[in-house]
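*Asks:* My structure is below; once you've seen it, I'll send some questions.
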Protein chains: 2
Amino acid sequence: MFKFSRKIEYGILALQYMAGRKQELVSAKEIAENLELSFDFLAKTLQTLMKRGLVASHQGIHGGYLLAKDADKISISEIIRSLEKNISIVECSPSIDEASCSRMKNCTIRGPLLKIEKKMLLYLEQTSIAEISQHDKKTKLEIKIRN
Amino acid sequence: MFKFSRKIEYGILALQYMAGRKQELVSAKEIAENLELSFDFLAKTLQTLMKRGLVASHQGIHGGYLLAKDADKISISEIIRSLEKNISIVECSPSIDEASCSRMKNCTIRGPLLKIEKKMLLYLEQTSIAEISQHDKKTKLEIKIRN
DNA sequence: CATAAATAAGACTATTGTAATCGTATATAC
DNA sequence: GTATATACGATTACAATAGTCTTATTTATG
């Protein structure tokens, strides 16, 4: 549990890449080659981000993608929410009814867990693509995401 | 992604239950019946928590489990670390070598992600079973964890 | 000492979610 | 009209989690 999925990884990497080329159309192919990502998987990820309004696309020859808004307005939280069905750490939403969970009436831990979740999501909300890039430029960390 | 696994759910529920019966031996059967959990799955979870030193066990008739330390000394983070292989949100550890990831040399996001991770884990570290129980007594939230 | 009730532990299967791949359609610059 | 790009659905492969079952071991107690 608790791993960032490859979708999220690809999303963050691609958006960050695009942030470095403001306003320019960047093709999925270029991103995949430069970051050594699977083209197929990246393409699908970018298409999802497009549907969710994080990036804009342009079809046809010389087409590609660009950020739909400033990098400092795109939070990690928003990326996750765009790519995953559900960002919450607990499966039950506030709107769920009693029939779907027998523990409903006297569950003792959901409240506290939602509090934890709120804190974690707040931080993800506060961290933007711009910040990540900034951080990177400063520290020049050499690290990897996945084997 | 980002869901608490059933193991974690069971661990938190069981530890909280045991916290309410300080020093007493509580059988897995009792916990399973009262919280309506799968006995098999709970038993396995408790055995793991025992190996990790979070609970102590007593075999034989009238046997059971009890907390190995005070409820305010058991953090959510510790529970997760005890039950999952790896709590980190990124798969690459600081000790990993370049051969295992081609992006190693110029990965731009791991540093920032580790920073995010550190923040989240800090909060999980700061939240104890005792706090969760406390929270519950105050608020009497009626919620559930899973369908 | 026999028995019942409890934990300990490993093996196995099922289910689910994620990742990866492929084929085809559509748009568009030239 | 062709080459190159995105759009999108279908399908397969794989891995992690969840769930089940069996057997062994421990121990209080009559």
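Simple scheme: letters A, B, ... for chains in structure tokens order, numbers from 1 for residues in each chain, numbers from 1 for ligands in the order shown.
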Please identify all residues of chain B having at least one atom at most 7 Å from any atom of chain D, considering only C-alpha atoms (C1' of nucleotides), and return them as a PyMOL selection string.

*Replies:* chain B and resi 59-61

*Asks:* Excluding stretch 77-94 of chain A and its own-chain neighbours fewer than 5 positions away, which residues fall within 9 Å of it when counting only C-alpha atoms (C1' of nucleotides)? Please give them as a PyMOL selection string.

*Replies:* (chain A and resi 2+4-5+7-8+11-12+45+48-49+51-54+101+110+113-114+116-118+121-128) or (chain B and resi 1-5+143-147)

*Asks:* How close does each residue of chain C get to chain A, giving the shortest atom pair and distance in Å to one decimal for every residue with an atom at most 6 Å away, counting only C-alpha atoms (C1' of nucleotides), sorted by chain and residue number, as JSON lines?

*Replies:*
```
{"residue": "C:DA27", "atom": "C1'", "partner": "A:Gly60", "partner_atom": "CA", "distance": 5.2}
{"residue": "C:DT28", "atom": "C1'", "partner": "A:Gly60", "partner_atom": "CA", "distance": 4.2}
{"residue": "C:DA29", "atom": "C1'", "partner": "A:Ile61", "partner_atom": "CA", "distance": 5.6}
```

*Asks:* Enumerate as a PyMOL selection string all residues of stretch 7-132 of chain A assigned to helix (DSSP H, G or I) by DSSP on the backbone, naming them with the chain letters and numbers the document uses.

*Replies:* chain A and resi 7-19+28-35+39-51+71-73+76-83+98-100+104-106+110-126+129-132

*Asks:* Just list the residues in chain B DSSP gives strand (DSSP E) on the backbone, as a list of chain:residue names.

*Replies:*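 Checking each residue of chain B, the strand (DSSP E) ones are B:Val55, B:Ala56, B:Ser57, B:His58, B:Gly64, B:Tyr65, B:Leu66, B:Leu67.
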
*Asks:* Smallest atom-to-atom distance to chain B: which of A:Ala14, A:Cys107, A:Leu37, A:Leu66, using only C-alpha atoms?

*Replies:*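 Closest to chain B of all the choices is A:Cys107.
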
*Asks:* Could you tell me which of B:Gly64, B:Leu35, B:Glu30, B:Gln47 comes closest to chain A if we count only C-alpha atoms?

*Replies:*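 Of the candidates, the smallest distance to chain A is held by B:Leu35.
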
*Asks:* For A:Tyr65, find every residue with an atom within 6 Å (counting only C-alpha atoms (C1' of nucleotides)), except residues of its own chain fewer than 4 positions away, and show them as a list in words.

*Replies:* Leu25, Val26, Ala56 and Ser57 of chain A

*Asks:* Could you check how far atom C1' of C:DC30 sits from atom CA of A:Lys29, in Å to one decimal?

*Replies:*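 Pair atom C1' of C:DC30 / atom CA of A:Lys29 returns 20.2 Å.
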